[in-house]
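So this one's work_6.cif, mmCIF, C-alpha atoms:
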data_input
#
loop_
_atom_site.label_atom_id
_atom_site.label_comp_id
_atom_site.auth_asym_id
_atom_site.auth_seq_id
_atom_site.Cartn_x
_atom_site.Cartn_y
_atom_site.Cartn_z
CA MET I 9 117.15 174.22 173.99
CA THR I 10 119.83 176.82 174.03
CA ASP I 11 122.38 177.44 176.70
CA ALA I 12 121.25 179.20 179.81
CA PRO I 13 121.88 182.95 180.10
CA SER I 14 125.31 183.70 181.42
CA THR I 15 123.89 185.66 184.32
CA ALA I 16 121.54 182.91 185.41
CA PRO I 17 122.44 181.55 188.78
CA GLN I 18 124.48 178.43 188.67
CA ASN I 19 123.31 177.30 192.07
CA ASP I 20 119.81 176.70 193.20
CA SER I 21 118.29 180.18 193.21
CA ARG I 22 115.65 179.18 195.73
CA THR I 23 118.14 179.59 198.51
CA ALA I 24 118.64 183.32 198.36
CA GLY I 25 117.53 186.64 196.95
CA HIS I 26 114.68 186.92 194.52
CA GLY I 27 114.58 183.21 194.04
CA ALA I 28 113.57 182.69 197.62
CA ASP I 29 110.82 185.28 197.25
CA LEU I 30 109.54 183.64 194.16
CA THR I 31 109.37 180.24 195.70
CA ASP I 32 107.55 181.30 198.83
CA GLY I 33 104.19 181.49 197.11
CA ALA I 34 103.12 180.22 193.78
CA ALA I 35 106.36 178.48 193.03
CA ALA I 36 105.71 176.06 195.84
CA ASP I 37 102.94 174.67 193.69
CA ALA I 38 105.08 174.38 190.63
CA GLY I 39 104.79 170.66 190.81
CA VAL I 40 101.07 171.02 190.11
CA TYR I 41 101.04 174.06 187.86
CA GLY I 42 104.40 173.39 186.31
CA ASN I 43 104.00 172.04 182.84
CA ALA I 44 106.45 172.94 180.12
CA VAL I 45 103.74 172.45 177.49
CA LEU I 46 101.86 175.42 178.93
CA LEU I 47 104.73 177.68 177.90
CA ALA I 48 103.61 177.23 174.31
CA GLY I 49 100.57 179.35 175.14
CA ARG I 50 96.92 178.77 175.75
CA SER I 51 94.83 176.55 173.57
CA ARG I 52 92.36 178.02 171.13
CA GLY I 53 89.55 176.73 173.29
CA ALA I 54 90.73 178.98 176.08
CA TYR I 55 90.31 182.00 173.85
CA LEU I 56 86.88 180.77 172.77
CA GLN I 57 85.52 181.64 176.16
CA LEU I 58 86.14 185.32 175.54
CA PRO I 59 83.46 185.79 172.86
CA VAL I 60 81.20 183.47 174.84
CA LEU I 61 81.70 185.62 177.89
CA LEU I 62 80.97 188.75 175.88
CA LEU I 63 77.73 187.26 174.59
CA ALA I 64 76.82 186.16 178.09
CA ALA I 65 77.56 189.63 179.37
CA SER I 66 75.28 191.16 176.75
CA ALA I 67 72.55 188.74 177.80
CA ASP I 68 73.12 189.71 181.41
CA VAL I 69 72.85 193.38 180.49
CA GLY I 70 69.45 192.73 178.96
CA ALA I 71 68.29 190.75 181.97
CA PHE I 72 69.65 193.13 184.55
CA LEU I 73 68.19 196.10 182.70
CA GLN I 74 64.71 194.82 183.42
CA VAL I 75 65.54 194.37 187.07
CA ILE I 76 67.22 197.69 187.56
CA GLU I 77 64.47 199.54 185.77
CA LEU I 78 62.02 198.14 188.25
CA VAL I 79 63.73 199.86 191.13
CA MET I 80 65.06 202.95 189.36
CA ARG I 81 62.05 204.03 187.40
CA ARG I 82 62.61 207.74 187.93
CA GLN I 83 66.29 207.70 187.05
CA SER I 84 67.53 208.68 183.64
CA GLN I 85 68.28 205.98 181.11
CA ARG I 86 71.96 206.80 181.23
CA VAL I 87 72.16 206.23 184.97
CA VAL I 88 70.24 203.00 184.64
CA LEU I 89 72.62 201.80 181.94
CA MET I 90 75.65 202.65 184.05
CA VAL I 91 74.24 200.65 186.96
CA VAL I 92 73.40 197.74 184.70
CA VAL I 93 76.85 197.62 183.13
CA GLY I 94 78.53 197.91 186.51
CA PHE I 95 76.34 195.20 187.96
CA THR I 96 77.08 192.89 185.04
CA ALA I 97 80.83 193.45 185.30
CA THR I 98 80.73 192.87 189.03
CA VAL I 99 78.90 189.56 188.95
CA LEU I 100 80.98 188.20 186.06
CA CYS I 101 84.19 189.26 187.74
CA LEU I 102 83.09 187.64 190.99
CA ALA I 103 82.34 184.39 189.19
CA HIS I 104 85.64 184.49 187.32
CA LEU I 105 87.62 185.19 190.48
CA ALA I 106 85.81 182.44 192.30
CA GLY I 107 86.79 180.01 189.53
CA SER I 108 90.42 181.14 189.67
CA PHE I 109 90.58 180.88 193.45
CA LEU I 110 88.97 177.47 193.39
CA ARG I 111 91.59 176.34 190.89
CA GLY I 112 94.29 177.54 193.23
CA ARG I 113 92.58 175.81 196.08
CA ALA I 114 92.33 172.62 194.05
CA VAL I 115 96.07 172.54 193.45
CA GLY I 116 96.84 173.23 197.09
CA GLU I 117 97.75 176.90 197.02
CA ARG I 118 97.85 178.77 200.27
CA SER I 119 97.62 182.54 200.87
CA GLY I 120 93.91 182.68 201.71
CA ARG I 121 92.58 181.65 198.34
CA HIS I 122 90.11 179.34 200.00
CA LEU I 123 88.42 182.14 201.88
CA ALA I 124 88.55 184.45 198.87
CA ALA I 125 86.90 181.85 196.66
CA TRP I 126 83.99 181.26 198.99
CA THR I 127 83.60 184.97 199.63
CA CYS I 128 83.31 185.65 195.90
CA LEU I 129 80.86 182.81 195.51
CA ALA I 130 78.75 184.01 198.42
CA VAL I 131 78.56 187.57 197.12
CA TRP I 132 77.79 186.34 193.61
CA VAL I 133 74.98 184.10 194.87
CA GLY I 134 73.66 186.88 197.06
CA LEU I 135 73.52 189.36 194.21
CA GLY I 136 71.75 186.82 192.05
CA LEU I 137 69.18 186.05 194.71
CA VAL I 138 68.50 189.73 195.35
CA ALA I 139 68.04 190.36 191.65
CA PHE I 140 65.80 187.32 191.38
CA TRP I 141 63.71 188.49 194.32
CA VAL I 142 63.32 191.97 192.84
CA ARG I 143 62.38 190.48 189.52
CA LEU I 144 59.85 188.29 191.27
CA VAL I 145 58.11 190.66 193.64
CA VAL I 146 58.42 194.14 192.16
CA HIS I 147 55.76 195.16 189.65
CA SER I 148 56.63 197.11 186.60
CA GLU I 149 53.54 199.31 186.85
CA PRO I 150 54.08 202.55 188.74
CA LEU I 151 52.49 202.51 192.17
CA THR I 152 51.23 205.41 194.20
CA GLY I 153 53.84 206.71 196.55
CA ALA I 154 56.55 204.63 195.00
CA VAL I 155 60.07 205.94 195.36
CA PRO I 156 62.10 204.07 192.72
CA ASN I 157 65.57 204.13 194.10
CA PHE I 158 67.90 202.00 196.23
CA SER I 159 66.84 203.59 199.50
CA ALA I 160 65.90 201.25 202.27
CA ASP I 161 62.29 202.31 202.37
CA ALA I 162 61.80 202.38 198.66
CA LEU I 163 61.50 198.71 197.87
CA PRO I 164 58.74 197.94 200.35
CA ALA I 165 56.79 200.88 198.95
CA THR I 166 56.99 199.60 195.40
CA ALA I 167 56.27 196.05 196.32
CA ALA I 168 52.79 194.87 195.73
CA GLU I 169 51.01 191.59 195.79
CA PRO I 170 52.77 189.76 192.96
CA ASP I 171 51.02 187.52 190.54
CA LEU I 172 53.46 184.67 190.72
CA SER I 173 52.01 182.84 187.75
CA SER I 174 52.84 185.78 185.50
CA VAL I 175 56.21 186.85 186.87
CA LEU I 176 57.68 183.53 187.95
CA PRO I 177 58.60 182.27 184.46
CA SER I 178 60.45 185.44 183.55
CA ALA I 179 62.11 185.56 186.97
CA ALA I 180 63.11 181.92 186.68
CA LEU I 181 64.49 182.55 183.22
CA PHE I 182 66.48 185.46 184.61
CA LEU I 183 67.86 183.28 187.38
CA ALA I 184 68.79 180.56 184.93
CA LEU I 185 70.60 183.04 182.73
CA TYR I 186 72.37 184.48 185.75
CA LEU I 187 73.53 181.06 186.84
CA ALA I 188 74.59 180.05 183.34
CA THR I 189 76.70 183.12 182.68
CA GLY I 190 78.22 182.86 186.13
CA VAL I 191 79.12 179.22 185.59
CA VAL I 192 80.67 180.06 182.23
CA ALA I 193 82.81 182.76 183.84
CA ALA I 194 83.75 180.55 186.79
CA VAL I 195 84.66 177.56 184.64
CA GLY I 196 86.67 179.81 182.34
CA GLY I 197 88.53 181.21 185.31
CA TYR I 198 89.09 177.75 186.70
CA LEU I 199 90.47 176.30 183.47
CA THR I 200 92.63 179.24 182.37
CA SER I 201 94.06 180.22 185.72
CA ASN I 202 97.74 179.42 186.08
CA PRO I 203 99.70 181.90 188.18
CA VAL I 204 103.00 180.20 187.41
CA ARG I 205 102.50 180.64 183.69
CA ALA I 206 101.30 184.20 184.25
CA ALA I 207 104.48 184.90 186.23
CA TYR I 208 106.55 183.44 183.43
CA VAL I 209 104.77 185.63 180.87
CA ARG I 210 105.41 188.69 183.03
CA ALA I 211 109.06 187.75 183.43
CA LEU I 212 109.35 187.20 179.69
CA ARG I 213 107.79 190.59 179.01
CA ALA I 214 110.12 192.28 181.49
CA TYR I 215 113.08 190.49 179.93
CA ARG I 216 112.08 191.69 176.47
CA ARG I 217 111.77 195.27 177.70
CA ALA I 218 115.10 195.08 179.51
CA THR I 219 116.73 193.64 176.39
CA GLU I 220 115.40 196.44 174.22
CA GLN I 221 116.47 199.04 176.75
CA ALA I 222 119.94 197.53 177.07
CA ALA I 223 120.26 197.40 173.30
CA ALA I 224 119.24 201.03 172.99
CA SER I 225 121.63 202.19 175.68
CA ALA I 226 124.45 200.13 174.18
CA GLY I 227 123.81 201.81 170.85
CA ALA I 228 123.72 205.21 172.47
CA TYR I 229 126.96 204.50 174.30
CA THR I 230 128.66 203.43 171.10
CA GLY I 231 127.36 206.55 169.38
CA ALA I 232 128.75 208.71 172.16
CA ALA I 233 132.10 206.95 171.93
CA ALA I 234 132.11 207.47 168.17
CA TYR I 235 131.34 211.14 168.69
CA GLN I 236 134.24 211.50 171.08
CA ARG I 237 136.57 209.82 168.60
CA MET I 238 135.28 212.16 165.90
CA GLN I 239 136.14 215.12 168.10
CA LEU I 240 139.65 213.80 168.66
CA VAL I 241 140.15 213.23 164.96
CA ALA I 242 138.74 216.68 164.24
CA GLY I 243 141.32 218.16 166.61
CA GLN I 244 144.14 216.33 164.84
CA ASN I 245 142.80 217.40 161.48
CA ALA I 246 142.64 220.99 162.67
CA ALA I 247 146.33 220.94 163.64
CA THR I 248 147.17 219.50 160.24
CA ALA I 249 145.05 222.14 158.54
CA ARG I 250 146.88 224.84 160.48
CA ASP I 251 150.28 223.52 159.39
CA VAL I 252 149.19 223.19 155.78
CA GLU I 253 147.76 226.69 155.76
CA GLN I 254 150.96 228.13 157.16
CA GLN I 255 153.04 226.28 154.59
CA ARG I 256 150.73 227.48 151.86
CA ARG I 257 151.13 231.09 153.01
CA ARG I 258 154.89 230.77 153.19
CA ALA I 259 154.87 229.36 149.68
CA PHE I 260 152.70 232.22 148.52
CA ALA I 261 155.20 234.64 150.05
CA GLU I 262 157.95 233.03 148.01
CA ASP I 263 155.82 233.31 144.91
CA LEU I 264 155.22 236.91 145.77
CA LYS I 265 158.95 237.52 145.96
CA GLN I 266 159.43 236.04 142.54
CA TYR I 267 156.61 238.16 141.26
CA ALA I 268 158.27 241.26 142.72
CA ARG I 269 161.53 240.34 141.00
CA VAL I 270 159.75 239.96 137.70
CA LEU I 271 158.25 243.39 138.11
CA VAL I 272 161.63 244.89 139.04
CA ALA I 273 163.30 243.22 136.08
CA GLN I 274 160.64 244.49 133.77
CA ARG I 275 161.23 248.02 134.99
CA ALA I 276 165.03 247.74 134.87
CA GLN I 277 165.11 246.55 131.26
CA ASP I 278 168.64 245.33 131.94
CA PRO I 279 169.72 241.72 131.33
CA ALA I 280 172.42 241.92 133.96
CA VAL I 281 169.93 242.89 136.59
CA THR I 282 167.49 240.26 135.41
CA ASP I 283 170.16 237.58 135.53
CA ALA I 284 171.12 238.57 139.03
CA LEU I 285 167.60 238.55 140.34
CA PHE I 286 166.43 235.09 139.43
CA ASP I 287 167.50 231.78 140.71
CA ARG I 288 168.96 228.94 138.84
CA PRO I 289 169.10 225.26 139.53
CA GLY I 290 171.45 224.58 142.41
CA ASP I 291 170.41 227.53 144.51
CA ARG I 292 170.06 226.43 148.10
CA PRO I 293 167.12 227.28 150.28
CA SER I 294 167.93 229.70 153.05
CA ALA I 295 167.86 228.82 156.70
CA ASN I 296 164.92 231.13 157.37
CA GLY I 297 162.68 229.28 155.00
CA SER I 298 163.28 231.37 151.92
CA ARG I 299 163.70 229.06 148.98
CA PHE I 300 165.61 231.49 146.81
CA THR I 301 168.77 232.93 148.27
CA ARG I 302 171.29 234.42 146.04
CA GLN I 303 174.63 232.73 145.81
CA ALA I 304 177.79 234.00 144.30
CA PRO I 305 177.49 234.02 140.53
CA THR I 306 178.87 230.89 139.00
CA THR I 307 181.50 231.04 136.37
CA THR I 308 179.94 228.20 134.48
CA SER I 309 177.49 229.11 131.82
CA PRO I 310 174.16 227.37 132.04
CA ILE I 311 174.50 226.65 128.35
CA PRO I 312 176.46 223.44 127.83
CA GLY I 313 179.65 223.97 125.94
CA ALA I 314 179.69 227.74 126.40
CA SER I 315 181.98 229.65 128.72
CA SER I 316 181.12 232.87 130.47
CA MET M 3 108.45 201.44 175.72
CA ALA M 4 109.41 204.26 173.50
CA TRP M 5 108.09 206.81 175.99
CA TRP M 6 110.50 205.66 178.64
CA ARG M 7 113.62 207.03 177.03
CA PRO M 8 112.39 210.60 176.66
CA ARG M 9 111.28 210.53 180.28
CA ARG M 10 114.68 209.31 181.38
CA ASP M 11 116.26 211.98 179.19
CA ARG M 12 114.30 214.62 180.98
CA ARG M 13 115.09 213.25 184.41
CA VAL M 14 118.81 213.05 183.70
CA ALA M 15 118.83 216.52 182.20
CA ALA M 16 116.86 217.89 185.16
CA LEU M 17 119.50 216.52 187.50
CA GLY M 18 122.15 218.50 185.65
CA GLY M 19 123.17 215.89 183.13
CA LEU M 20 123.36 216.20 179.40
CA PRO M 21 120.41 215.39 177.19
CA VAL M 22 120.80 211.75 176.25
CA ARG M 23 121.15 211.36 172.53
CA THR M 24 120.69 207.97 171.01
CA GLY M 25 121.50 206.16 167.79
CA ARG M 26 121.34 208.34 164.75
CA ARG M 27 121.05 211.51 166.75
CA ALA M 28 124.35 210.78 168.44
CA ALA M 29 126.03 210.31 165.06
CA GLU M 30 124.70 213.65 163.86
CA HIS M 31 126.67 215.65 166.38
CA GLU M 32 128.29 218.70 165.02
CA ILE M 33 131.87 218.37 163.83
CA VAL M 34 133.41 221.80 163.25
CA PRO M 35 136.47 221.74 160.96
CA PHE M 36 139.23 224.30 161.27
CA THR M 37 138.84 226.72 158.37
CA PRO M 38 141.17 229.72 158.58
CA ALA M 39 140.07 232.94 156.95
CA PRO M 40 141.26 233.02 153.33
CA LEU M 41 144.27 235.14 152.48
CA ASP M 42 143.63 238.03 150.12
CA GLU M 43 146.34 237.12 147.65
CA ALA M 44 145.09 239.55 145.00
CA ALA M 45 145.45 242.45 147.42
CA ALA M 46 149.02 241.36 148.24
CA ARG M 47 149.90 241.26 144.55
CA ARG M 48 148.39 244.69 144.03
CA GLU M 49 150.42 246.02 146.94
CA ILE M 50 153.62 244.63 145.42
CA GLU M 51 152.74 246.14 142.05
CA HIS M 52 152.10 249.47 143.72
CA ILE M 53 155.44 249.40 145.51
CA VAL M 54 157.41 248.40 142.44
CA ALA M 55 155.65 251.04 140.37
CA GLY M 56 156.89 253.60 142.83
CA LEU M 57 160.52 252.71 142.23
CA ALA M 58 162.61 254.66 139.75
CA PRO M 59 163.39 252.63 136.61
CA HIS M 60 167.09 252.44 137.41
CA ALA M 61 166.83 252.43 141.17
CA VAL M 62 167.55 248.70 141.36
CA ASP M 63 170.73 247.01 140.26
CA GLU M 64 172.13 243.53 140.60
CA ALA M 65 172.94 244.01 144.28
CA THR M 66 169.67 245.56 145.39
CA GLY M 67 167.23 243.53 143.34
CA HIS M 68 165.73 241.74 146.33
CA ILE M 69 164.68 244.78 148.22
CA LEU M 70 161.13 243.44 148.76
CA ASP M 71 162.11 240.07 150.18
CA GLY M 72 162.34 241.34 153.72
CA LEU M 73 158.97 243.03 153.45
CA ILE M 74 157.34 239.92 152.06
CA ASP M 75 158.94 237.79 154.78
CA ARG M 76 157.34 240.01 157.40
CA TRP M 77 154.05 239.66 155.62
CA ALA M 78 154.46 235.89 155.68
CA ASP M 79 155.20 235.98 159.40
CA ARG M 80 152.06 238.03 159.97
CA TRP M 81 149.98 235.69 157.86
CA ALA M 82 151.29 232.70 159.78
CA GLY M 83 150.56 234.51 163.03
CA ASP M 84 147.00 235.10 161.86
CA VAL M 85 146.62 231.37 161.31
CA ASP M 86 147.96 230.70 164.81
CA LEU M 87 145.47 233.15 166.31
CA GLN M 88 142.57 231.61 164.43
CA PHE M 89 143.70 228.16 165.48
CA ALA M 90 143.87 229.22 169.11
CA ALA M 91 140.32 230.55 168.89
CA TYR M 92 139.22 227.32 167.25
CA GLN M 93 140.89 225.26 169.95
CA ALA M 94 138.77 226.87 172.63
CA GLY M 95 135.58 225.64 170.99
CA ALA M 96 137.15 222.31 170.07
CA ALA M 97 138.19 221.70 173.66
CA TYR M 98 134.65 222.50 174.81
CA ARG M 99 133.18 220.06 172.31
CA ALA M 100 135.72 217.38 173.21
CA ASP M 101 134.96 217.76 176.92
CA GLY M 102 131.25 217.63 176.15
CA ALA M 103 131.78 214.43 174.21
CA ALA M 104 133.69 212.95 177.14
CA ALA M 105 130.92 213.97 179.54
CA SER M 106 128.27 212.49 177.28
CA LEU M 107 130.25 209.28 177.03
CA ALA M 108 130.58 209.06 180.80
CA GLN M 109 126.85 209.59 181.20
CA HIS M 110 126.05 206.94 178.63
CA HIS M 111 128.47 204.62 180.38
CA VAL M 112 126.54 204.90 183.62
CA LEU M 113 123.15 204.49 181.94
CA ARG M 114 124.38 201.52 179.97
CA GLY M 115 125.64 199.90 183.17
CA HIS M 116 122.25 200.39 184.77
CA ASP M 117 120.48 198.86 181.80
CA GLN M 118 122.87 195.94 181.69
CA ARG M 119 122.34 195.22 185.37
CA ARG M 120 118.62 195.41 184.83
CA LEU M 121 118.93 193.00 181.93
CA ALA M 122 120.95 190.61 184.08
CA GLN M 123 118.31 190.76 186.79
CA SER M 124 115.53 190.14 184.31
CA GLU M 125 117.45 187.15 182.98
CA PHE M 126 117.66 185.85 186.52
CA VAL M 127 113.93 186.37 187.05
CA LEU M 128 113.14 184.74 183.74
CA ALA M 129 115.23 181.71 184.63
CA ALA M 130 113.44 181.39 187.97
CA ALA M 131 110.02 181.77 186.33
CA LEU M 132 110.95 179.23 183.71
CA ALA M 133 112.02 176.85 186.43
CA ASP M 134 108.71 177.30 188.21
CA ALA M 135 106.75 176.84 185.00
CA THR M 136 108.57 173.64 184.12
CA GLY M 137 108.94 172.30 187.61
CA ARG M 138 112.72 172.14 187.44
CA ALA M 139 115.47 173.83 189.36
CA PRO M 140 116.76 177.05 187.79
CA SER M 141 120.25 175.63 187.39
CA THR M 142 118.95 173.03 184.97
CA VAL M 143 116.65 175.30 182.98
CA GLY M 144 117.86 175.93 179.49
CA ARG M 145 120.62 173.36 179.71
CA ARG M 146 120.86 170.59 177.23
CA GLU M 147 119.68 167.34 178.61
CA SER M 148 122.57 164.99 179.10
CA ALA M 149 122.31 161.67 177.38
#

Could you render the structure as structure tokens?
Amino acid sequence: MTDAPSTAPQNDSRTAGHGADLTDGAAADAGVYGNAVLLAGRSRGAYLQLPVLLLAASADVGAFLQVIELVMRRQSQRVVLMVVVGFTATVLCLAHLAGSFLRGRAVGERSGRHLAAWTCLAVWVGLGLVAFWVRLVVHSEPLTGAVPNFSADALPATAAEPDLSSVLPSAALFLALYLATGVVAAVGGYLTSNPVRAAYVRALRAYRRATEQAAASAGAYTGAAAYQRMQLVAGQNAATARDVEQQRRRAFAEDLKQYARVLVAQRAQDPAVTDALFDRPGDRPSANGSRFTRQAPTTTSPIPGASS
Amino acid sequence: MAWWRPRRDRRVAALGGLPVRTGRRAAEHEIVPFTPAPLDEAAARREIEHIVAGLAPHAVDEATGHILDGLIDRWADRWAGDVDLQFAAYQAGAAYRADGAAASLAQHHVLRGHDQRRLAQSEFVLAAALADATGRAPSTVGRRESA
């Protein structure tokens, strides 16, 4: 394993701050839930219950459809389907929650999971019994004066003397299917429930998001710092460009002076004037920046060996 | 959560801050170089030619051959002054951009600090969750087991 994060508490975190909050509930049962092997993820068998649950849910939809249609004969098919799907989701969720709460109860968790588990189980059993009773006693044939809805006086009106020998097998089959799918959901919830691992997965997800966000903001900060440096360098370059441009213009002015002298010499057509106008090696630059300042004519001829 | 950053951008901007630019966008900020207006050298040469053409052929001798130097020096002073004026105008915009860069950097500094604190807290939470999941105290999670 790698070294712990630098910001991780060096002391026991259960004594203060978030650590204390974490340990008040589920963490107290870490000795039961805690298993480092679980951090590797769920087994493939745990994921196998998902398609099984989906198939069971589809079977429940078919079974509940027959029941709901018995009491909602005048409702549209869409409304009946919505009720059936909602009923299926409710009973499966109740069974799953009951399994999860029973798992928590089995490992000694507190926080009212005991009551919640039995409440879910009671509601789930009650819904199943009601559906079984409807399937058993309500005829599918329309009856005079029947009001096929959930109103309190509707069911007695639709009820007739049931022929138990004909409806009991299908009702029993419905009940068996209801119990089977509920047990599948409850056992799945019981076996896969692990709040400590779920908390670890949430913490890991939050850590990944925080890492990505911190990386992004660090990159943005560095980009902003680079932009500021670019502005500073641009300012320095601008000052340099100003100096260079001024030097270039001064140099052009000197070139322009020479050009003017050439033009003057061309008009004068006089060697003496021409000689006096142009500079020779050794001329010193003037103090005001002019490179070509006339000096007193030298007595030495520029031609070696010749005298003026 | 790619949608989070634009939302935070909008919130920060709505509070009066600068739009937060990230990564490549930050590197694509505008850098304006100082480019003075070019000098019309051809026009200056034509002006000199015009002046010299106006002189009498024998109006210049050895002593008065540099009669245009003073004029050209004044031109050079004016040209240099033009560069100074353009540079002063450039500096106004450059100072604005530099201050904007400093403000953006300060804003990113604060946001980065927030994200780093959040990362530190999430590391703390992760260590506690790991301790719960493994049944060990947080101080020992992630440490190498001593022999």

Residue nearest chain I - candidates M:Ala100, M:Ala105, M:Ala39, M:Ala90, atoms counted: only C-alpha atoms:
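Looking at the shortest contact to chain I, the residue is M:Ala100.
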
Just want the 6 Å neighbourhood of stretch 73-78 of chain M, counted on only C-alpha atoms, with same-chain residues fewer than 3 positions away dropped. Output as a PyMOL selection string.
(chain I and resi 258+261) or (chain M and resi 70+81)

May I have the selected residues written with C-alpha atoms, as a PDB file, keeping the file's coordinate frame?
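Resulting contents of selection_30.pdb:
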ATOM      1  CA  ARG I 258     154.890 230.770 153.190  1.00  0.00           C
ATOM      2  CA  ALA I 261     155.200 234.640 150.050  1.00  0.00           C
TER       3      ALA I 261
ATOM      4  CA  LEU M  70     161.130 243.440 148.760  1.00  0.00           C
ATOM      5  CA  TRP M  81     149.980 235.690 157.860  1.00  0.00           C
TER       6      TRP M  81
END

So which one's closest to chain M, I:Gly231, I:Gly112, I:Gly70, I:Gly197? Using all atoms listed in the file, please.
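Going through I:Gly231, I:Gly112, I:Gly70, I:Gly197 one by one, the smallest distance to chain M is for I:Gly231.
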
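Distances here use all atoms listed in the file; by that measure, the residue among I:Val191, I:Ala259, I:Ala218, I:Ala130 closest to chain M is I:Ala218.
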
To one decimal in Å, tell me the separation between atom CA of I:Trp141 and atom CA of I:Ala67.
18.7 Å

If the PyMOL selection byres ((chain M and resi 47) around 12) is run on the structure shown, which residues does it catch, given as a short mmCIF file (atom, residue, chain, number, x, y, z; two decimals) with C-alpha atoms, keeping the file's coordinate frame?
data_model
loop_
_atom_site.label_atom_id
_atom_site.label_comp_id
_atom_site.auth_asym_id
_atom_site.auth_seq_id
_atom_site.Cartn_x
_atom_site.Cartn_y
_atom_site.Cartn_z
CA PHE I 260 152.70 232.22 148.52
CA ALA I 261 155.20 234.64 150.05
CA ASP I 263 155.82 233.31 144.91
CA LEU I 264 155.22 236.91 145.77
CA LYS I 265 158.95 237.52 145.96
CA GLN I 266 159.43 236.04 142.54
CA TYR I 267 156.61 238.16 141.26
CA ALA I 268 158.27 241.26 142.72
CA LEU I 271 158.25 243.39 138.11
CA LEU M 41 144.27 235.14 152.48
CA ASP M 42 143.63 238.03 150.12
CA GLU M 43 146.34 237.12 147.65
CA ALA M 44 145.09 239.55 145.00
CA ALA M 45 145.45 242.45 147.42
CA ALA M 46 149.02 241.36 148.24
CA ARG M 48 148.39 244.69 144.03
CA GLU M 49 150.42 246.02 146.94
CA ILE M 50 153.62 244.63 145.42
CA GLU M 51 152.74 246.14 142.05
CA HIS M 52 152.10 249.47 143.72
CA ILE M 53 155.44 249.40 145.51
CA VAL M 54 157.41 248.40 142.44
CA ILE M 74 157.34 239.92 152.06
CA TRP M 77 154.05 239.66 155.62
#

Selection near I:Leu110, 7 Å with all atoms listed in the file, sequence-local residues under 3 positions removed, as a list of chain:residue names:
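Near I:Leu110, the qualifying residues are I:Ala106, I:Gly107, I:Arg113, I:Ala114, I:His122, I:Ala125, I:Tyr198.
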
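Nearest to chain I of all the residues M:Leu107, M:Ala94, M:Leu87, M:Val112 is M:Leu107, counting all atoms listed in the file.
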
Kindly extract all protein, DNA and RNA residues lying within 12 Å of the coordinates (136.5, 223.9, 171.0) given in the file, considering only C-alpha atoms, and supply them as an MDAnalysis selection string.
(chainID I and resid 239:240 242:243 246) or (chainID M and resid 32:36 88:103)

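For the pair atom CA of I:Pro279 and atom CA of M:Ala55, the separation is 19.1 Å.
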
Picked residues, the PyMOL selection byres ((chain I and resi 215) around 10), as number ranges by chain
I: 209-214, 216-221; M: 120-128

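Here atom CA of I:Val241 is placed at a distance of 24.1 Å from atom CA of I:Ser225.
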
Please return stretch 104-114 of chain M, rebuilt to N, CA and C atoms, as a compact mmCIF listing (two decimals), in the frame of the given file.
# COMPACT_ATOMS: atom_id res chain seq x y z
N ALA M 104 133.25 213.83 176.05
CA ALA M 104 133.69 212.95 177.14
C ALA M 104 132.63 212.86 178.22
N ALA M 105 131.98 213.99 178.52
CA ALA M 105 130.92 213.97 179.54
C ALA M 105 129.74 213.13 179.08
N SER M 106 129.38 213.29 177.82
CA SER M 106 128.27 212.49 177.28
C SER M 106 128.60 211.01 177.32
N LEU M 107 129.84 210.69 177.02
CA LEU M 107 130.25 209.28 177.03
C LEU M 107 130.19 208.72 178.46
N ALA M 108 130.64 209.52 179.41
CA ALA M 108 130.58 209.06 180.80
C ALA M 108 129.14 208.84 181.24
N GLN M 109 128.27 209.74 180.83
CA GLN M 109 126.85 209.59 181.20
C GLN M 109 126.25 208.35 180.57
N HIS M 110 126.56 208.13 179.30
CA HIS M 110 126.05 206.94 178.63
C HIS M 110 126.63 205.66 179.26
N HIS M 111 127.85 205.78 179.74
CA HIS M 111 128.47 204.62 180.38
C HIS M 111 127.68 204.21 181.62
N VAL M 112 127.29 205.20 182.41
CA VAL M 112 126.54 204.90 183.62
C VAL M 112 125.16 204.33 183.27
N LEU M 113 124.49 204.97 182.31
CA LEU M 113 123.15 204.49 181.94
C LEU M 113 123.22 203.10 181.33
N ARG M 114 124.26 202.85 180.57
CA ARG M 114 124.38 201.52 179.97
C ARG M 114 124.62 200.47 181.06
